Amino acid sequence: MSSVQNVAELSGQLRQSREENDALRLENRLLRQKLDALARRIFGKSSEKLNAAQLELLLDGMEEIAAVNATAAPQPQSPQSPQTPARKERERGPRLPEHLPIKEIIIEPQEVQAAPEQWRCIGEEVTEQLDYIPGSFRRLRLIRRKYVHRQERHLPPVIAPLCTLQERCLAAPSLLAHAFVSRYRDHLPWYRLQGIYAALGVEIARQNLCNWSGMAAGACGLVLKEIGRGVFADGYVQIDETPIEYLVPGNGQTKTGYLWAVNNPQRSQVLFVWHTSRAAACLESIVPREFEGVIQCDGYSAYDSFAAIAERSGKIALAGCWAHVRRGFFEAREHTPDAAWVLTQIQALYHIEEQLRQARAGPGERRTTRQNQSRPLIESIEQQLQWLEASHKHLPSSLMGQATRYALGQWESLLLFLEDGRIEIDNNLCENEIRPSAIGKKNWLFIGDAKAGDRAAVFYTLIGNCRRLQVDPQAYLQDLFTRLPTMTNHQIPEITPAAWAKNQPQQTQPVPIIGA
């Protein structure tokens, strides 16, 4: 009887162990799934990250999610299932929607305008464009009449030239201006702008919008060169760069390119240049070979390498940025009182700069004030940092140690603003110019291929200068695209944003910028 009881007890224990083992295996499998989900949530690519609501459901109950996924999983297609029908060839519709209102503009040749009684109209050529007015579209019909001379009929007919950026382009200047302002100031992706136009009754493919941006950017090349000459004309510029992803054709992956911003604080002008790298060689194509003066930048080593080139040695001085120095000590402020003391001294430096800004002080007054008030503060900061470095009070890998080492490594460049009243205390004006692009990166994620970066740099330059000059970019770009086809190279300086703002003050107005 006892042996039978032992067998029963052992069988019960074995059954209980199996049940516990199965429960542990199930728990282990669920925990692994949760761990994988968290890893994807934190470290995965953007396209692989889980939605927060999905993650919450997953953590609350893996069993329900697994059941739902098993039910919703697509079944393999049977060999006998009907094949997907081939797409029908899309019928080609009219180039412009026929329901849009029409505005006709008659363009007469200059010869006919001078002596209309001597000419007889024998026909006309009609060119239609897609015009945009705020909140609606219309068809803009350009009618160019042909004329022959009444007394000299053997001569060929005369007709006014078609002054557009590109022949057979459907977009009128107002539509081009609206599309580029929406893309590069309001940071709308092309697909979202396509949906906005579709809601207004006009279907415009994203490929057409991209092609229009390439066409307009190429036409503005001379305008960009003229802006660049003005930016580098005074011998003092600020330079900074920001990373932007661009698409690599063929494999669906992205790489990191850089949008370089060059700012002239004295003229309030900015220039953007696109490069697919961040190497010092990029500065060779950005900074003119004949440039001599001061470049204000952060501590990135590419600037030192660029300034040390033999042919530029002694011609370029690098000015440091106190804002970058401050950030290091700001991150270390909660770990040591030494960082708080340095921040207090830097705050006093900025208080002096604020007083000079409010007084609208010129370079001479700024230099005198800085020598009398700012230099003693900087000397006390230097003494304290050198003592901290020599005493090894903070580990080199600590936040305070890194901030101290960075500041002392940039010290000569940080003193340059004391000697030159033109130089700002930091590079923030240049950083403010590239800040709006951060909003764009969140909306459109990447800019397309590498060539799209060059197009973006053109419109960031034009719209950025409009913002600095408080010019409406919609009005400026529309006038630019209207006048540019008939302008000569010598007339290009008349159409830059700075020149346009002076010639048309009645159209200048403050324009709020998203992300500024």
# chains A, B, ... in the order shown; residues from 1 in each chain; ligands from 1
>>> residues_around(residues="Lys315 of chain A", least_positions_apart="4", cutoff="9 Å", atoms="only C-alpha atoms", output="list in words")
Phe291, Glu292, Gly293, Val294, Ala307 and Glu311 of chain A
>>> residues_around(residues="Gly299 of chain A", least_positions_apart="6", cutoff="9 Å", atoms="only C-alpha atoms", output="mmCIF file with C-alpha atoms, in the first residue's frame")
data_model
loop_
_atom_site.group_PDB
_atom_site.id
_atom_site.type_symbol
_atom_site.label_atom_id
_atom_site.label_comp_id
_atom_site.auth_asym_id
_atom_site.auth_seq_id
_atom_site.Cartn_x
_atom_site.Cartn_y
_atom_site.Cartn_z
ATOM 1 C CA GLY A 320 35.217 81.317 -30.772
ATOM 2 C CA CYS A 321 31.677 81.021 -29.513
ATOM 3 C CA HIS A 324 29.202 76.640 -26.931
ATOM 4 C CA TYR A 406 37.016 72.476 -24.266
ATOM 5 C CA GLY A 409 41.365 74.573 -25.914
ATOM 6 C CA GLN A 410 39.359 77.403 -27.518
#
>>> atom_distance(atom1="atom CA of Thr404 of chain A", atom2="atom CA of Asp240 of chain A")
22.4 Å
>>> residues_around(residues="Tyr300 of chain A", least_positions_apart="4", cutoff="10 Å", atoms="only C-alpha atoms", output="ChimeraX atom specification")
/A:240,278,280,304-305
>>> write_last_selection(atoms="N, CA, C and O atoms", output="PDB file, in the first residue's frame")
ATOM      1  N   ASP A 240      28.120  77.821 -39.594  1.00  0.00           N
ATOM      2  CA  ASP A 240      27.684  76.666 -38.816  1.00  0.00           C
ATOM      3  C   ASP A 240      27.058  75.671 -39.781  1.00  0.00           C
ATOM      4  O   ASP A 240      26.744  76.019 -40.927  1.00  0.00           O
ATOM      5  N   ARG A 278      31.009  66.646 -44.112  1.00  0.00           N
ATOM      6  CA  ARG A 278      31.315  67.703 -43.151  1.00  0.00           C
ATOM      7  C   ARG A 278      32.810  67.973 -43.102  1.00  0.00           C
ATOM      8  O   ARG A 278      33.318  68.574 -42.168  1.00  0.00           O
ATOM      9  N   ALA A 280      36.697  69.325 -44.027  1.00  0.00           N
ATOM     10  CA  ALA A 280      37.259  70.665 -44.208  1.00  0.00           C
ATOM     11  C   ALA A 280      37.277  71.068 -45.675  1.00  0.00           C
ATOM     12  O   ALA A 280      37.264  72.261 -45.994  1.00  0.00           O
ATOM     13  N   ASP A 304      39.769  74.552 -38.022  1.00  0.00           N
ATOM     14  CA  ASP A 304      41.205  74.703 -37.779  1.00  0.00           C
ATOM     15  C   ASP A 304      42.014  74.178 -38.962  1.00  0.00           C
ATOM     16  O   ASP A 304      43.011  74.798 -39.360  1.00  0.00           O
ATOM     17  N   SER A 305      41.599  73.046 -39.516  1.00  0.00           N
ATOM     18  CA  SER A 305      42.307  72.489 -40.675  1.00  0.00           C
ATOM     19  C   SER A 305      42.199  73.414 -41.873  1.00  0.00           C
ATOM     20  O   SER A 305      43.169  73.611 -42.612  1.00  0.00           O
TER      21      SER A 305
END
>>> residues_around(residues="Thr242 of chain A", least_positions_apart="5", cutoff="12 Å", atoms="only C-alpha atoms", output="list of chain:residue names")
A:Thr256, A:Gly257, A:Tyr258, A:Leu259, A:Trp260, A:Ala261, A:Val262, A:Phe272, A:Val273, A:Trp274, A:His275, A:Thr276, A:Ser277, A:Arg278, A:Cys430, A:Glu431, A:Asn432, A:Glu433, A:Ile434, A:Arg435, A:Pro436, A:Ser437, A:Ala438, A:Lys441
>>> closest_residue(among="A:Ser11, A:Ser182, A:Gln386, A:Gln470", to="Pro497 of chain A", atoms="only C-alpha atoms")
A:Gln470
>>> atom_distance(atom1="atom CA of Asn443 of chain A", atom2="atom CA of Leu188 of chain A")
6.8 Å
>>> residues_around(residues="Glu125 of chain A", least_positions_apart="3", cutoff="12 Å", atoms="only C-alpha atoms", output="list in words")
Ile105, Ile106, Ile107, Glu108, Cys121, Ile122, Glu128, Arg141, Leu142, Ile143, Arg144, Arg145, Lys146, Tyr147, Val158, Ile159, Ala160, Pro161 and Leu162 of chain A
>>> select_by_dssp(residues="segment 178-400 of chain A", states="strand (DSSP E)", output="NGL selection string")
:A and (236-248 or 253-264 or 269-275 or 293-296 or 316-319)
>>> atom_distance(atom1="atom CA of Leu414 of chain A", atom2="atom CA of Phe306 of chain A")
18.2 Å
>>> select_by_dssp(residues="segment 344-489 of chain A", states="helix (DSSP H, G or I)", output="PyMOL selection string")
chain A and resi 344-358+363-391+399-409+411-414+416-419+428-434+436-444+450-468+473-486+489
>>> residues_around(residues="segment 214-228 of chain A", least_positions_apart="4", cutoff="7 Å", atoms="only C-alpha atoms", output="PyMOL selection string")
chain A and resi 210+232+271+455+458+492-493+496
>>> write_last_selection(atoms="all heavy atoms", output="CSV table (one decimal), in the first residue's frame")
chain,number,residue,atom,x,y,z
A,210,CYS,N,8.6,68.7,-57.6
A,210,CYS,CA,10.1,68.6,-57.5
A,210,CYS,C,10.8,69.1,-58.7
A,210,CYS,O,11.8,69.8,-58.6
A,210,CYS,CB,10.5,67.1,-57.3
A,210,CYS,SG,9.9,66.4,-55.7
A,232,PHE,N,30.3,87.7,-48.0
A,232,PHE,CA,31.7,87.7,-47.7
A,232,PHE,C,32.4,89.0,-48.0
A,232,PHE,O,33.7,89.1,-47.9
A,232,PHE,CB,32.4,86.6,-48.6
A,232,PHE,CG,32.1,85.2,-48.2
A,232,PHE,CD1,31.1,84.5,-48.9
A,232,PHE,CD2,32.7,84.6,-47.1
A,232,PHE,CE1,30.8,83.2,-48.5
A,232,PHE,CE2,32.5,83.3,-46.8
A,232,PHE,CZ,31.5,82.6,-47.4
A,271,LEU,N,23.7,83.0,-46.4
A,271,LEU,CA,23.9,82.1,-47.5
A,271,LEU,C,23.9,80.7,-47.0
A,271,LEU,O,24.6,80.3,-46.1
A,271,LEU,CB,25.2,82.4,-48.2
A,271,LEU,CG,25.6,81.5,-49.4
A,271,LEU,CD1,24.7,81.7,-50.6
A,271,LEU,CD2,27.1,81.8,-49.8
A,455,ARG,N,19.0,72.3,-54.3
A,455,ARG,CA,17.8,73.1,-54.5
A,455,ARG,C,17.3,73.7,-53.1
A,455,ARG,O,16.9,74.8,-53.1
A,455,ARG,CB,16.7,72.2,-55.1
A,455,ARG,CG,17.1,71.6,-56.4
A,455,ARG,CD,15.8,71.1,-57.2
A,455,ARG,NE,15.3,69.9,-56.5
A,455,ARG,CZ,15.6,68.7,-56.9
A,455,ARG,NH1,16.5,68.5,-57.8
A,455,ARG,NH2,15.1,67.6,-56.2
A,458,VAL,N,19.2,76.8,-52.1
A,458,VAL,CA,18.8,78.0,-52.8
A,458,VAL,C,17.6,78.7,-52.2
A,458,VAL,O,17.6,79.9,-51.9
A,458,VAL,CB,18.5,77.6,-54.3
A,458,VAL,CG1,17.9,78.8,-55.0
A,458,VAL,CG2,19.7,77.2,-55.0
A,492,ILE,N,21.1,91.6,-62.3
A,492,ILE,CA,20.9,90.6,-61.2
A,492,ILE,C,21.0,91.3,-59.9
A,492,ILE,O,20.2,91.0,-59.0
A,492,ILE,CB,21.9,89.4,-61.3
A,492,ILE,CG1,21.5,88.6,-62.6
A,492,ILE,CG2,21.8,88.6,-60.1
A,492,ILE,CD1,20.1,88.0,-62.6
A,493,PRO,N,22.0,92.2,-59.6
A,493,PRO,CA,22.0,92.9,-58.3
A,493,PRO,C,20.7,93.6,-57.9
A,493,PRO,O,20.5,93.9,-56.7
A,493,PRO,CB,23.2,93.8,-58.4
A,493,PRO,CG,24.1,93.2,-59.4
A,493,PRO,CD,23.1,92.6,-60.4
A,496,THR,N,18.1,91.0,-55.9
A,496,THR,CA,18.4,90.3,-54.6
A,496,THR,C,17.4,90.7,-53.5
A,496,THR,O,16.8,91.8,-53.7
A,496,THR,CB,19.8,90.6,-54.1
A,496,THR,OG1,19.9,92.0,-53.9
A,496,THR,CG2,20.8,90.2,-55.2
>>> residues_around(residues="segment 357-370 of chain A", least_positions_apart="5", cutoff="7 Å", atoms="only C-alpha atoms", output="JSON, numbers by chain")
{"A": [375, 418, 419, 420, 421, 422]}
>>> write_last_selection(atoms="C-alpha atoms", output="PDB file, in the first residue's frame")
ATOM      1  CA  ARG A 375      38.243  91.484 -20.084  1.00  0.00           C
ATOM      2  CA  LEU A 418      37.548  91.706 -27.217  1.00  0.00           C
ATOM      3  CA  GLU A 419      39.872  93.144 -29.872  1.00  0.00           C
ATOM      4  CA  ASP A 420      37.367  93.568 -32.732  1.00  0.00           C
ATOM      5  CA  GLY A 421      34.100  95.363 -32.065  1.00  0.00           C
ATOM      6  CA  ARG A 422      32.456  93.842 -35.149  1.00  0.00           C
TER       7      ARG A 422
END
